[in-house]
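Raw protein.cif, mmCIF, C-alpha atoms and all ligand atoms:
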```cif
data_final
#
loop_
_atom_site.label_atom_id
_atom_site.label_comp_id
_atom_site.auth_asym_id
_atom_site.auth_seq_id
_atom_site.Cartn_x
_atom_site.Cartn_y
_atom_site.Cartn_z
CA MET A 1 -82.99 -181.26 13.97
CA GLU A 2 -79.62 -180.76 12.32
CA LYS A 3 -79.02 -181.93 8.74
CA SER A 4 -76.04 -183.86 10.04
CA SER A 5 -78.28 -185.86 12.37
CA ILE A 6 -79.44 -188.11 9.53
CA SER A 7 -77.65 -191.44 9.85
CA ILE A 8 -76.95 -193.43 6.69
CA GLN A 9 -76.82 -197.22 6.42
CA LEU A 10 -76.04 -198.30 2.88
CA THR A 11 -77.32 -201.53 1.34
CA SER A 12 -74.88 -204.38 0.86
CA SER A 13 -76.75 -205.69 -2.20
CA LYS A 14 -77.79 -203.15 -4.81
CA LYS A 15 -80.73 -204.16 -6.98
CA PRO A 16 -80.57 -204.23 -10.78
CA LYS A 17 -81.92 -201.01 -12.32
CA PRO A 18 -84.65 -201.13 -14.96
CA GLN A 19 -84.14 -199.88 -18.53
CA SER A 20 -85.42 -196.31 -19.00
CA ASP A 21 -87.73 -197.34 -21.85
CA GLU A 22 -89.39 -200.12 -19.83
CA LEU A 23 -90.53 -197.91 -16.98
CA ALA A 24 -94.18 -197.81 -15.99
CA PHE A 25 -95.45 -195.87 -12.95
CA GLY A 26 -94.63 -196.79 -9.37
CA ARG A 27 -93.68 -200.46 -9.66
CA VAL A 28 -89.92 -200.34 -9.07
CA PHE A 29 -88.25 -198.91 -5.95
CA THR A 30 -84.69 -197.78 -5.33
CA ASP A 31 -82.14 -199.25 -2.91
CA HIS A 32 -82.78 -196.94 0.06
CA MET A 33 -85.49 -195.15 1.98
CA PHE A 34 -85.67 -192.42 4.60
CA VAL A 35 -87.41 -193.06 7.92
CA MET A 36 -88.03 -190.98 11.04
CA ASP A 37 -90.25 -191.61 14.04
CA TYR A 38 -92.54 -189.51 16.17
CA SER A 39 -93.48 -189.95 19.80
CA VAL A 40 -95.10 -187.47 22.15
CA GLU A 41 -91.98 -187.48 24.37
CA GLU A 42 -89.34 -187.23 21.64
CA ASN A 43 -91.20 -185.37 18.87
CA TRP A 44 -89.86 -186.28 15.36
CA HIS A 45 -86.60 -188.13 15.95
CA SER A 46 -84.12 -190.77 14.73
CA PRO A 47 -83.92 -189.60 11.09
CA ARG A 48 -82.15 -192.27 9.04
CA ILE A 49 -81.48 -193.49 5.54
CA VAL A 50 -81.61 -197.28 5.44
CA PRO A 51 -81.87 -200.02 2.79
CA TYR A 52 -85.37 -200.22 1.22
CA GLN A 53 -87.18 -202.80 3.33
CA ALA A 54 -90.53 -203.95 4.71
CA ILE A 55 -91.92 -202.17 7.77
CA ALA A 56 -92.80 -204.39 10.73
CA MET A 57 -95.80 -203.19 12.70
CA GLU A 58 -98.31 -204.82 14.98
CA PRO A 59 -101.62 -205.72 13.32
CA ALA A 60 -103.23 -203.32 15.81
CA ALA A 61 -101.28 -200.33 14.34
CA MET A 62 -103.85 -197.59 13.87
CA VAL A 63 -103.12 -196.87 10.21
CA TYR A 64 -104.46 -200.32 9.30
CA HIS A 65 -107.81 -199.57 10.89
CA TYR A 66 -108.69 -195.91 10.62
CA GLY A 67 -106.45 -194.68 7.83
CA GLN A 68 -104.74 -191.83 9.68
CA THR A 69 -102.11 -191.23 7.04
CA VAL A 70 -100.99 -188.58 4.54
CA PHE A 71 -98.69 -188.60 1.53
CA GLU A 72 -97.04 -186.41 -1.08
CA GLY A 73 -95.81 -186.92 -4.63
CA LEU A 74 -93.06 -185.01 -6.44
CA LYS A 75 -90.34 -185.77 -8.97
CA ALA A 76 -86.59 -185.43 -9.47
CA TYR A 77 -85.21 -184.95 -12.97
CA LEU A 78 -81.80 -185.44 -14.48
CA THR A 79 -80.66 -182.61 -16.77
CA LYS A 80 -78.48 -183.07 -19.86
CA GLU A 81 -75.56 -181.70 -17.81
CA GLY A 82 -76.14 -184.31 -15.12
CA LYS A 83 -77.74 -181.96 -12.57
CA VAL A 84 -80.53 -183.31 -10.39
CA LEU A 85 -83.49 -180.94 -10.19
CA LEU A 86 -86.60 -180.92 -8.02
CA PHE A 87 -89.72 -179.03 -9.11
CA ARG A 88 -91.20 -176.71 -6.44
CA PRO A 89 -90.56 -179.18 -3.58
CA GLU A 90 -91.32 -176.55 -0.93
CA LYS A 91 -94.95 -176.56 -2.14
CA ASN A 92 -95.18 -180.28 -1.38
CA MET A 93 -93.67 -179.79 2.06
CA GLU A 94 -96.17 -177.02 2.77
CA ARG A 95 -99.07 -179.22 1.62
CA LEU A 96 -97.77 -182.14 3.70
CA ASN A 97 -98.25 -180.02 6.81
CA LYS A 98 -101.69 -178.86 5.66
CA SER A 99 -102.67 -182.51 5.25
CA ASN A 100 -101.13 -183.26 8.67
CA ASP A 101 -103.28 -180.54 10.26
CA ARG A 102 -106.46 -182.02 8.77
CA LEU A 103 -105.58 -185.59 9.81
CA CYS A 104 -104.42 -184.66 13.37
CA ILE A 105 -100.86 -185.73 12.55
CA PRO A 106 -98.03 -183.71 14.15
CA ARG A 107 -96.46 -181.16 11.80
CA VAL A 108 -92.99 -181.76 10.42
CA ASP A 109 -90.10 -179.33 9.97
CA GLU A 110 -90.55 -178.65 6.23
CA GLU A 111 -86.93 -177.62 5.66
CA PHE A 112 -85.64 -180.69 7.44
CA VAL A 113 -87.83 -183.13 5.48
CA LEU A 114 -86.76 -181.41 2.24
CA GLU A 115 -83.13 -181.81 3.27
CA ALA A 116 -83.74 -185.49 4.12
CA LEU A 117 -85.36 -185.98 0.74
CA LYS A 118 -82.35 -184.40 -1.00
CA GLN A 119 -79.92 -186.61 0.93
CA LEU A 120 -81.93 -189.73 0.02
CA ILE A 121 -81.96 -188.74 -3.68
CA THR A 122 -78.21 -188.14 -3.53
CA VAL A 123 -77.67 -191.65 -2.09
CA ASP A 124 -79.85 -193.20 -4.85
CA LYS A 125 -79.02 -190.75 -7.65
CA GLU A 126 -77.87 -193.52 -9.97
CA TRP A 127 -81.54 -194.55 -10.12
CA ILE A 128 -82.74 -191.34 -11.79
CA PRO A 129 -83.70 -192.32 -15.33
CA GLU A 130 -82.41 -190.14 -18.14
CA LYS A 131 -84.80 -190.68 -21.05
CA GLU A 132 -87.29 -187.92 -21.87
CA GLY A 133 -90.64 -188.57 -20.21
CA THR A 134 -89.04 -190.41 -17.27
CA SER A 135 -88.15 -189.17 -13.78
CA LEU A 136 -87.64 -190.29 -10.21
CA TYR A 137 -90.98 -190.15 -8.39
CA ILE A 138 -90.64 -189.27 -4.71
CA ARG A 139 -93.27 -190.50 -2.28
CA PRO A 140 -93.05 -189.08 1.26
CA PHE A 141 -95.78 -190.43 3.56
CA ILE A 142 -96.69 -190.56 7.22
CA ILE A 143 -98.45 -193.44 8.95
CA SER A 144 -99.97 -193.74 12.41
CA THR A 145 -98.25 -196.58 14.24
CA GLU A 146 -99.73 -196.80 17.74
CA SER A 147 -101.26 -200.18 18.58
CA TYR A 148 -104.74 -199.17 19.70
CA LEU A 149 -108.22 -199.81 18.42
CA GLY A 150 -109.89 -196.74 19.89
CA VAL A 151 -110.80 -194.04 17.38
CA ALA A 152 -108.39 -191.25 18.32
CA PRO A 153 -105.25 -189.63 16.91
CA SER A 154 -102.28 -191.98 17.24
CA LYS A 155 -99.52 -191.06 19.70
CA THR A 156 -96.77 -192.42 17.45
CA TYR A 157 -96.00 -192.07 13.71
CA LYS A 158 -93.44 -192.89 11.06
CA LEU A 159 -92.48 -190.59 8.20
CA ILE A 160 -91.03 -192.56 5.30
CA ILE A 161 -89.74 -191.44 1.90
CA ILE A 162 -89.44 -193.95 -0.92
CA LEU A 163 -88.25 -193.37 -4.50
CA SER A 164 -89.45 -194.93 -7.74
CA PRO A 165 -88.03 -194.44 -11.25
CA VAL A 166 -91.10 -193.82 -13.45
CA GLY A 167 -92.27 -193.47 -17.03
CA SER A 168 -95.65 -192.01 -17.94
CA TYR A 169 -98.54 -192.36 -15.50
CA TYR A 170 -101.21 -193.23 -18.05
CA LYS A 171 -100.39 -195.84 -20.65
CA GLU A 172 -101.73 -193.27 -23.17
CA GLY A 173 -98.84 -190.90 -22.20
CA ILE A 174 -99.82 -187.39 -23.29
CA ALA A 175 -102.49 -188.81 -25.66
CA PRO A 176 -106.08 -187.74 -24.92
CA VAL A 177 -108.17 -189.88 -22.58
CA LYS A 178 -111.86 -190.75 -22.54
CA ILE A 179 -113.60 -189.64 -19.35
CA ALA A 180 -117.02 -190.52 -17.89
CA VAL A 181 -118.86 -187.84 -15.90
CA GLU A 182 -119.54 -189.51 -12.53
CA SER A 183 -123.13 -189.02 -11.46
CA GLU A 184 -123.42 -191.57 -8.64
CA PHE A 185 -120.27 -191.54 -6.51
CA VAL A 186 -118.54 -188.43 -5.13
CA ARG A 187 -114.91 -187.93 -4.23
CA ALA A 188 -115.17 -185.38 -1.44
CA VAL A 189 -117.33 -182.67 0.10
CA ALA A 190 -116.39 -179.31 1.63
CA GLY A 191 -115.57 -179.95 5.28
CA GLY A 192 -114.35 -183.45 4.45
CA THR A 193 -110.79 -184.44 3.61
CA GLY A 194 -110.74 -183.56 -0.12
CA THR A 195 -108.14 -180.82 0.34
CA ALA A 196 -105.77 -183.18 2.15
CA LYS A 197 -103.58 -185.73 0.39
CA THR A 198 -104.75 -188.69 2.40
CA ALA A 199 -105.29 -192.34 1.51
CA GLY A 200 -109.04 -192.37 2.19
CA ASN A 201 -109.75 -189.98 -0.69
CA TYR A 202 -108.07 -192.37 -3.09
CA ALA A 203 -109.66 -195.49 -1.56
CA SER A 204 -113.11 -193.97 -1.95
CA SER A 205 -112.40 -193.11 -5.60
CA LEU A 206 -111.71 -196.73 -6.60
CA LYS A 207 -115.29 -197.89 -7.10
CA ALA A 208 -116.10 -195.16 -9.63
CA GLN A 209 -112.79 -195.79 -11.36
CA GLU A 210 -113.50 -199.53 -11.57
CA VAL A 211 -116.97 -199.00 -13.04
CA ALA A 212 -115.64 -196.42 -15.52
CA GLU A 213 -112.80 -198.69 -16.65
CA ALA A 214 -115.19 -201.61 -17.18
CA SER A 215 -117.11 -199.37 -19.60
CA GLY A 216 -113.98 -198.38 -21.51
CA PHE A 217 -113.13 -195.04 -19.88
CA SER A 218 -109.75 -194.04 -18.45
CA GLN A 219 -111.04 -192.01 -15.52
CA VAL A 220 -114.07 -190.17 -14.15
CA LEU A 221 -114.93 -186.49 -13.94
CA TRP A 222 -115.87 -185.79 -10.33
CA LEU A 223 -118.80 -183.50 -9.55
CA ASP A 224 -119.44 -181.69 -6.26
CA GLY A 225 -120.82 -183.79 -3.42
CA LEU A 226 -123.84 -181.62 -2.67
CA GLU A 227 -125.60 -180.92 -5.94
CA LYS A 228 -123.61 -183.19 -8.29
CA LYS A 229 -123.64 -180.26 -10.65
CA TYR A 230 -120.29 -178.51 -10.47
CA ILE A 231 -117.03 -179.96 -11.74
CA GLU A 232 -114.30 -180.65 -9.17
CA GLU A 233 -111.48 -182.90 -10.43
CA VAL A 234 -110.69 -185.52 -13.06
CA GLY A 235 -109.43 -188.88 -11.75
CA SER A 236 -106.71 -187.87 -9.28
CA MET A 237 -105.95 -184.61 -11.10
CA ASN A 238 -107.17 -181.02 -11.26
CA ILE A 239 -109.06 -180.03 -14.42
CA PHE A 240 -109.01 -177.10 -16.86
CA PHE A 241 -111.34 -176.21 -19.77
CA LYS A 242 -110.88 -173.76 -22.62
CA ILE A 243 -114.18 -172.27 -23.68
CA ASN A 244 -114.34 -169.60 -26.36
CA GLY A 245 -110.75 -168.51 -25.70
CA GLU A 246 -111.09 -168.39 -21.90
CA ILE A 247 -109.36 -170.98 -19.70
CA ILE A 248 -111.38 -171.99 -16.67
CA THR A 249 -110.58 -174.21 -13.70
CA PRO A 250 -112.82 -174.95 -10.71
CA ALA A 251 -112.06 -172.53 -7.86
CA LEU A 252 -110.67 -174.12 -4.67
CA ASN A 253 -113.79 -174.71 -2.61
CA GLY A 254 -112.81 -176.81 0.39
CA SER A 255 -113.07 -180.16 -1.37
CA ILE A 256 -110.60 -179.80 -4.27
CA LEU A 257 -106.93 -180.69 -3.76
CA GLU A 258 -104.62 -177.73 -4.41
CA GLY A 259 -102.29 -179.19 -7.02
CA VAL A 260 -98.74 -177.92 -7.49
CA THR A 261 -99.14 -178.42 -11.26
CA ARG A 262 -102.51 -176.60 -11.13
CA ASN A 263 -100.79 -173.64 -9.50
CA SER A 264 -97.94 -173.72 -12.05
CA VAL A 265 -100.40 -173.90 -14.98
CA LEU A 266 -102.32 -170.88 -13.64
CA GLN A 267 -99.08 -168.90 -13.34
CA LEU A 268 -97.92 -169.86 -16.84
CA LEU A 269 -101.24 -169.03 -18.51
CA LYS A 270 -101.32 -165.61 -16.81
CA HIS A 271 -97.70 -165.04 -17.81
CA TRP A 272 -98.63 -165.79 -21.44
CA GLY A 273 -101.37 -163.16 -21.21
CA LEU A 274 -104.22 -165.65 -21.68
CA PRO A 275 -107.58 -165.06 -20.01
CA VAL A 276 -107.79 -167.48 -17.10
CA THR A 277 -110.48 -167.77 -14.45
CA GLU A 278 -110.91 -169.82 -11.29
CA ARG A 279 -114.63 -170.22 -10.70
CA LYS A 280 -117.48 -172.67 -10.28
CA ILE A 281 -118.23 -174.43 -13.54
CA SER A 282 -121.16 -176.78 -14.04
CA VAL A 283 -121.23 -179.82 -16.29
CA GLU A 284 -124.28 -178.29 -18.02
CA GLU A 285 -122.17 -175.28 -18.96
CA ILE A 286 -119.58 -177.62 -20.50
CA ALA A 287 -122.26 -179.50 -22.47
CA GLU A 288 -123.77 -176.19 -23.63
CA ALA A 289 -120.36 -174.87 -24.72
CA HIS A 290 -119.76 -178.11 -26.60
CA LYS A 291 -123.12 -177.83 -28.38
CA GLU A 292 -122.25 -174.29 -29.47
CA GLY A 293 -118.84 -175.40 -30.70
CA LYS A 294 -117.08 -173.33 -28.02
CA LEU A 295 -115.48 -176.11 -25.95
CA GLU A 296 -111.98 -175.93 -27.37
CA GLU A 297 -109.87 -177.95 -24.94
CA ALA A 298 -109.96 -179.84 -21.66
CA PHE A 299 -107.01 -181.23 -19.71
CA GLY A 300 -106.11 -182.62 -16.31
CA THR A 301 -103.06 -181.43 -14.38
CA GLY A 302 -101.07 -183.40 -11.80
CA THR A 303 -97.54 -184.29 -10.74
CA ALA A 304 -97.69 -187.83 -12.06
CA ALA A 305 -98.96 -187.12 -15.60
CA VAL A 306 -98.16 -183.35 -15.73
CA ILE A 307 -100.82 -182.62 -18.41
CA SER A 308 -103.40 -185.18 -19.49
CA PRO A 309 -105.67 -184.00 -22.34
CA VAL A 310 -109.32 -185.04 -22.30
CA GLY A 311 -110.38 -186.19 -25.77
CA GLU A 312 -113.94 -187.16 -24.94
CA LEU A 313 -116.43 -186.70 -22.12
CA ILE A 314 -119.45 -188.96 -21.68
CA TRP A 315 -122.39 -187.39 -19.85
CA LYS A 316 -125.93 -188.74 -19.73
CA ASN A 317 -125.06 -191.21 -22.50
CA GLU A 318 -123.97 -188.41 -24.77
CA SER A 319 -120.47 -188.17 -26.16
CA LEU A 320 -118.75 -184.79 -26.15
CA VAL A 321 -115.70 -185.07 -28.37
CA ILE A 322 -113.19 -182.30 -27.63
CA ASN A 323 -110.79 -180.92 -30.27
CA ASN A 324 -111.52 -183.94 -32.51
CA GLY A 325 -110.18 -186.19 -29.76
CA GLU A 326 -106.70 -184.70 -30.25
CA THR A 327 -104.28 -182.95 -27.92
CA GLY A 328 -104.97 -179.23 -28.14
CA PRO A 329 -102.37 -176.45 -28.56
CA ILE A 330 -102.61 -175.16 -24.97
CA SER A 331 -102.19 -178.67 -23.55
CA LYS A 332 -99.15 -179.22 -25.80
CA LYS A 333 -97.58 -175.88 -24.93
CA LEU A 334 -98.13 -176.37 -21.20
CA TYR A 335 -96.74 -179.90 -21.29
CA SER A 336 -93.63 -178.93 -23.21
CA THR A 337 -93.00 -175.79 -21.15
CA ILE A 338 -93.42 -177.46 -17.76
CA THR A 339 -91.43 -180.57 -18.66
CA SER A 340 -88.65 -178.42 -20.24
CA ILE A 341 -88.37 -176.35 -17.06
CA GLN A 342 -88.41 -179.53 -14.95
CA ARG A 343 -85.63 -181.10 -17.03
CA GLY A 344 -83.57 -177.92 -17.13
CA ASP A 345 -84.00 -177.56 -20.93
CA GLN A 346 -85.61 -174.14 -20.62
CA SER A 347 -84.73 -171.14 -18.49
CA ASP A 348 -86.52 -171.24 -15.17
CA GLU A 349 -87.99 -167.72 -15.08
CA PHE A 350 -90.19 -168.50 -12.10
CA GLY A 351 -87.45 -170.00 -9.92
CA TRP A 352 -89.36 -173.27 -9.71
CA THR A 353 -86.47 -175.70 -9.76
CA THR A 354 -84.08 -176.58 -6.93
CA GLU A 355 -80.79 -178.30 -7.57
CA VAL A 356 -80.05 -181.39 -5.48
CA SER A 357 -76.64 -182.53 -6.69
CA THR A 358 -74.68 -183.42 -9.80
CA VAL A 359 -74.46 -186.94 -11.16
CA GLU A 360 -71.36 -188.10 -13.01
CA LYS A 361 -72.83 -188.96 -16.41
CA GLU A 362 -71.05 -192.29 -16.83
CA LYS A 363 -72.73 -193.63 -13.69
CA VAL A 364 -76.22 -193.08 -15.10
CA ASN A 365 -77.85 -196.04 -16.79
C1 LIG B 401 -100.87 -186.93 -9.32
O1 LIG B 401 -101.49 -186.54 -10.31
O2 LIG B 401 -99.69 -186.68 -9.16
C2 LIG B 401 -101.58 -187.75 -8.37
O3 LIG B 401 -102.08 -187.29 -7.40
C3 LIG B 401 -101.64 -189.19 -8.67
C4 LIG B 401 -100.91 -189.99 -7.64
C5 LIG B 401 -101.82 -190.32 -6.51
C6 LIG B 401 -100.32 -191.21 -8.26
#
```
As structure tokens, how would this structure be written, given the file I've shared?
Amino acid sequence: MEKSSISIQLTSSKKPKPQSDELAFGRVFTDHMFVMDYSVEENWHSPRIVPYQAIAMEPAAMVYHYGQTVFEGLKAYLTKEGKVLLFRPEKNMERLNKSNDRLCIPRVDEEFVLEALKQLITVDKEWIPEKEGTSLYIRPFIISTESYLGVAPSKTYKLIIILSPVGSYYKEGIAPVKIAVESEFVRAVAGGTGTAKTAGNYASSLKAQEVAEASGFSQVLWLDGLEKKYIEEVGSMNIFFKINGEIITPALNGSILEGVTRNSVLQLLKHWGLPVTERKISVEEIAEAHKEGKLEEAFGTGTAAVISPVGELIWKNESLVINNGETGPISKKLYSTITSIQRGDQSDEFGWTTEVSTVEKEKVN
């Protein structure tokens, strides 16, 4: 498909924009969205930017019944000079197709979807918030739309991209969170859909999250689905530990989602010359390290929160307080480095940012 094939229908009634300092996560949406359709005969077709609106589908549409759907999450940032930057968007496009493969959804042209995403951001660029800690969250997703109740891959789909100006994901911001080690429920198993960004993984995480929240925790620490022994993820993020100077993250094992922030953190730590290992790590090992005074830091990594320090872990009714419940130096350095690169405040040595367009400063609210 040609870039020029994207039709644009602008809204006739622009919505009021929220104040930058009132932004939460994912509650406000911009004026436009991108849509394209898939059918067996026409492949992906009819790419269009239209006013943000409800989607009409028959109640028999397959996504409502069997959850054949995938999504992505990435952010656009406004630099001090008014440039709009994306952070490693090609990684999200690549992962979208990996998720498509797992969910039997037809692959998309990664370059074309990235171009569509850039055009949509350009149309709604006045919505990109300026204040530090804010950004424009981009949510591409694909839904199965065929009306059919048989369990089979749908023959039709819609790819939609919506945009949401956001503040911090957790109300705590970059403050440390209290996490319960989850010993009953599991998020995913190797061979399942854990490596795909698909709705079912998040739906199945809700029960554990609800129980944890009722007991005063922010999130859960997920263990492997077979032995419930090895650490996999924290909430909807990847996890890192610093033990006796070494930084460890669970190795990708067929059930862990390969985070773009995880990958960026690994590259940064190696670049700083710090010892970093991807391997299996058990919760016993963490408890042991804590007992010996060697558990120095723990933090989650993800697009939404970037870095989320873990201040306390609860396991078998025992409390493991990490770094006195404070944000550790590695977490702070990673957060400030990644967010500075994302916002164009620091030189982008790794070539991680992509420029979308320039916004005239006076138009930005
Ligand atoms: C992220 O950390 O970016 C996530 O995956 C959370 C998202 C589902 C809101």
| query | Can I get the residues close to ligand LIG 401 (chain B) as a ChimeraX atom specification, where close means within 7 Å and we count only C-alpha atoms and all ligand atoms? | reply | /A:73,236-237,301-305
Discussion item. Just checking: using all atoms listed in the file, which residue out of A:Leu103, A:Ala196, A:Leu74, A:Ala175 ends up closest to Ser144 (chain A)?
Written reply: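 Distance minimum relative to Ser144 (chain A) lands on A:Leu103.
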Gap from CA of Arg95 (chain A) to CA of Thr249 (chain A) - Å, one decimal:
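Value for the CA of Arg95 (chain A)-CA of Thr249 (chain A) distance: 19.8 Å.
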Pro140 (chain A) environment, 6 Å, all atoms listed in the file, sequence neighbours closer than 6 positions dropped, as a ChimeraX atom specification: /A:71-72,160-161
Pick from A:Met33, A:Leu268, A:Val189, A:Leu274: nearest to Leu252 (chain A), with only C-alpha atoms counted?
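Distance minimum relative to Leu252 (chain A) lands on A:Val189.
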task: Determine the nearest neighbour of Ser336 (chain A) from the options A:Ile105, A:Ala289, A:Ala199, A:Ile174, counting only C-alpha atoms.
output: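 Distance minimum relative to Ser336 (chain A) lands on A:Ile174.
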Choose the residue, out of A:Lys91, A:Lys333, A:His65, A:Lys294, that has the smallest atom-to-atom separation from Ile307 (chain A); count only C-alpha atoms.
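Comparing A:Lys91, A:Lys333, A:His65, A:Lys294 against Ile307 (chain A), the winner is A:Lys333.
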* Considering only C-alpha atoms, state which residue in the set A:Gln9, A:Asn253, A:Gln53, A:Ser331 is at the smallest distance from Ile281 (chain A). =>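 Using only C-alpha atoms, Ile281 (chain A) sits closest to A:Asn253.
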**Request:** Using all atoms listed in the file, determine which residues lie at most 10 Å from Lys15 (chain A), disregarding the query and same-chain residues fewer than 5 positions distant; provide the list as a list of chain:residue names.
**Result:**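 So the residues in contact are A:Phe29, A:Thr30, A:Asp31.
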Do you have the CA of Phe112 (chain A)-CA of Ser357 (chain A) distance handy?
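Answer for the CA of Phe112 (chain A) to CA of Ser357 (chain A) separation: 16.9 Å.
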Give the answer as one residue: which of A:Thr122, A:Ser39, A:Thr339, A:Ser218 has the shortest atom-to-atom distance to Leu163 (chain A), using only C-alpha atoms?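 Among A:Thr122, A:Ser39, A:Thr339, A:Ser218, it is A:Thr122 that comes nearest to Leu163 (chain A).
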Near-Arg88 (chain A) list (8 Å; all atoms listed in the file; drop same-chain fewer than 4 positions) as a ChimeraX atom specification: /A:92,260,352-354
Fill in: Pairwise distance for CA of Arg107 (chain A) and CA of Trp44 (chain A), rounded to one decimal in Å
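Taking CA of Arg107 (chain A) as the start and CA of Trp44 (chain A) as the end point, the length is 9.1 Å.
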Could you list, with a cut-off of 10 Å and counting all atoms listed in the file, the residues of region 115-214 of chain A near region 75-83 of chain A, each shown with its nearest atom pair and the distance in Å rounded to one decimal, rows sorted by chain and ascending number, as JSON lines?
```
{"residue": "A:Lys118", "atom": "CA", "partner": "A:Ala76", "partner_atom": "CA", "distance": 9.5}
{"residue": "A:Ile121", "atom": "CA", "partner": "A:Ala76", "partner_atom": "CA", "distance": 8.1}
{"residue": "A:Lys125", "atom": "CA", "partner": "A:Leu78", "partner_atom": "CA", "distance": 9.1}
{"residue": "A:Ile128", "atom": "CA", "partner": "A:Leu78", "partner_atom": "CA", "distance": 6.6}
{"residue": "A:Pro129", "atom": "CA", "partner": "A:Leu78", "partner_atom": "CA", "distance": 7.2}
{"residue": "A:Glu130", "atom": "CA", "partner": "A:Leu78", "partner_atom": "CA", "distance": 6.0}
{"residue": "A:Lys131", "atom": "CA", "partner": "A:Leu78", "partner_atom": "CA", "distance": 8.9}
{"residue": "A:Glu132", "atom": "CA", "partner": "A:Leu78", "partner_atom": "CA", "distance": 9.5}
{"residue": "A:Gly133", "atom": "CA", "partner": "A:Tyr77", "partner_atom": "CA", "distance": 9.7}
{"residue": "A:Thr134", "atom": "CA", "partner": "A:Tyr77", "partner_atom": "CA", "distance": 7.9}
{"residue": "A:Ser135", "atom": "CA", "partner": "A:Tyr77", "partner_atom": "CA", "distance": 5.2}
{"residue": "A:Leu136", "atom": "CA", "partner": "A:Ala76", "partner_atom": "CA", "distance": 5.0}
{"residue": "A:Tyr137", "atom": "CA", "partner": "A:Lys75", "partner_atom": "CA", "distance": 4.5}
{"residue": "A:Ile138", "atom": "CA", "partner": "A:Lys75", "partner_atom": "CA", "distance": 5.5}
{"residue": "A:Arg139", "atom": "CA", "partner": "A:Lys75", "partner_atom": "CA", "distance": 8.7}
{"residue": "A:Leu163", "atom": "CA", "partner": "A:Lys75", "partner_atom": "CA", "distance": 9.1}
{"residue": "A:Ser164", "atom": "CA", "partner": "A:Lys75", "partner_atom": "CA", "distance": 9.3}
{"residue": "A:Pro165", "atom": "CA", "partner": "A:Lys75", "partner_atom": "CA", "distance": 9.3}
{"residue": "A:Val166", "atom": "CA", "partner": "A:Lys75", "partner_atom": "CA", "distance": 9.2}
```
Practice task
Fewer than 6 positions away in the same chain doesn't count, so skip those; otherwise give me all residues within 12 Å of Tyr38 (chain A), counting all atoms listed in the file, as a list in words.
Solution key: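 Skipping anything fewer than 6 positions along the chain leaves Trp44, His45, Ser46, Pro47, Ile105, Pro106, Arg107, Val108, Ile142, Ile143, Ser144, Thr145, Glu146, Ser154, Lys155, Thr156, Tyr157, Lys158, Leu159 and Ile160 of chain A.
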C-alpha atoms of the current selection, written as a compact mmCIF listing (two decimals), keeping the file's coordinate frame:
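Okay, out.txt is ready:
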```
# COMPACT_ATOMS: atom_id res chain seq x y z
CA TRP A 44 -89.86 -186.28 15.36
CA HIS A 45 -86.60 -188.13 15.95
CA SER A 46 -84.12 -190.77 14.73
CA PRO A 47 -83.92 -189.60 11.09
CA ILE A 105 -100.86 -185.73 12.55
CA PRO A 106 -98.03 -183.71 14.15
CA ARG A 107 -96.46 -181.16 11.80
CA VAL A 108 -92.99 -181.76 10.42
CA ILE A 142 -96.69 -190.56 7.22
CA ILE A 143 -98.45 -193.44 8.95
CA SER A 144 -99.97 -193.74 12.41
CA THR A 145 -98.25 -196.58 14.24
CA GLU A 146 -99.73 -196.80 17.74
CA SER A 154 -102.28 -191.98 17.24
CA LYS A 155 -99.52 -191.06 19.70
CA THR A 156 -96.77 -192.42 17.45
CA TYR A 157 -96.00 -192.07 13.71
CA LYS A 158 -93.44 -192.89 11.06
CA LEU A 159 -92.48 -190.59 8.20
CA ILE A 160 -91.03 -192.56 5.30
```
N, CA, C and O atoms for region 181-186 of chain A, written as a tab-separated table (two decimals), in the coordinates of the input, could you do that?
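Saved the output as result-v3.tsv:
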```
chain	number	residue	atom	x	y	z
A	181	VAL	N	-118.41	-188.74	-16.97
A	181	VAL	CA	-118.86	-187.84	-15.90
A	181	VAL	C	-119.52	-188.73	-14.84
A	181	VAL	O	-120.41	-189.52	-15.15
A	182	GLU	N	-119.07	-188.62	-13.60
A	182	GLU	CA	-119.54	-189.51	-12.53
A	182	GLU	C	-120.78	-188.91	-11.86
A	182	GLU	O	-120.70	-187.86	-11.24
A	183	SER	N	-121.91	-189.60	-12.02
A	183	SER	CA	-123.13	-189.02	-11.46
A	183	SER	C	-123.62	-189.73	-10.22
A	183	SER	O	-124.55	-189.28	-9.56
A	184	GLU	N	-122.98	-190.85	-9.84
A	184	GLU	CA	-123.42	-191.57	-8.64
A	184	GLU	C	-122.49	-191.31	-7.44
A	184	GLU	O	-122.91	-190.81	-6.40
A	185	PHE	N	-121.22	-191.66	-7.63
A	185	PHE	CA	-120.27	-191.54	-6.51
A	185	PHE	C	-119.66	-190.14	-6.46
A	185	PHE	O	-119.53	-189.48	-7.49
A	186	VAL	N	-119.27	-189.71	-5.23
A	186	VAL	CA	-118.54	-188.43	-5.13
A	186	VAL	C	-117.20	-188.67	-4.47
A	186	VAL	O	-117.01	-189.64	-3.72
```
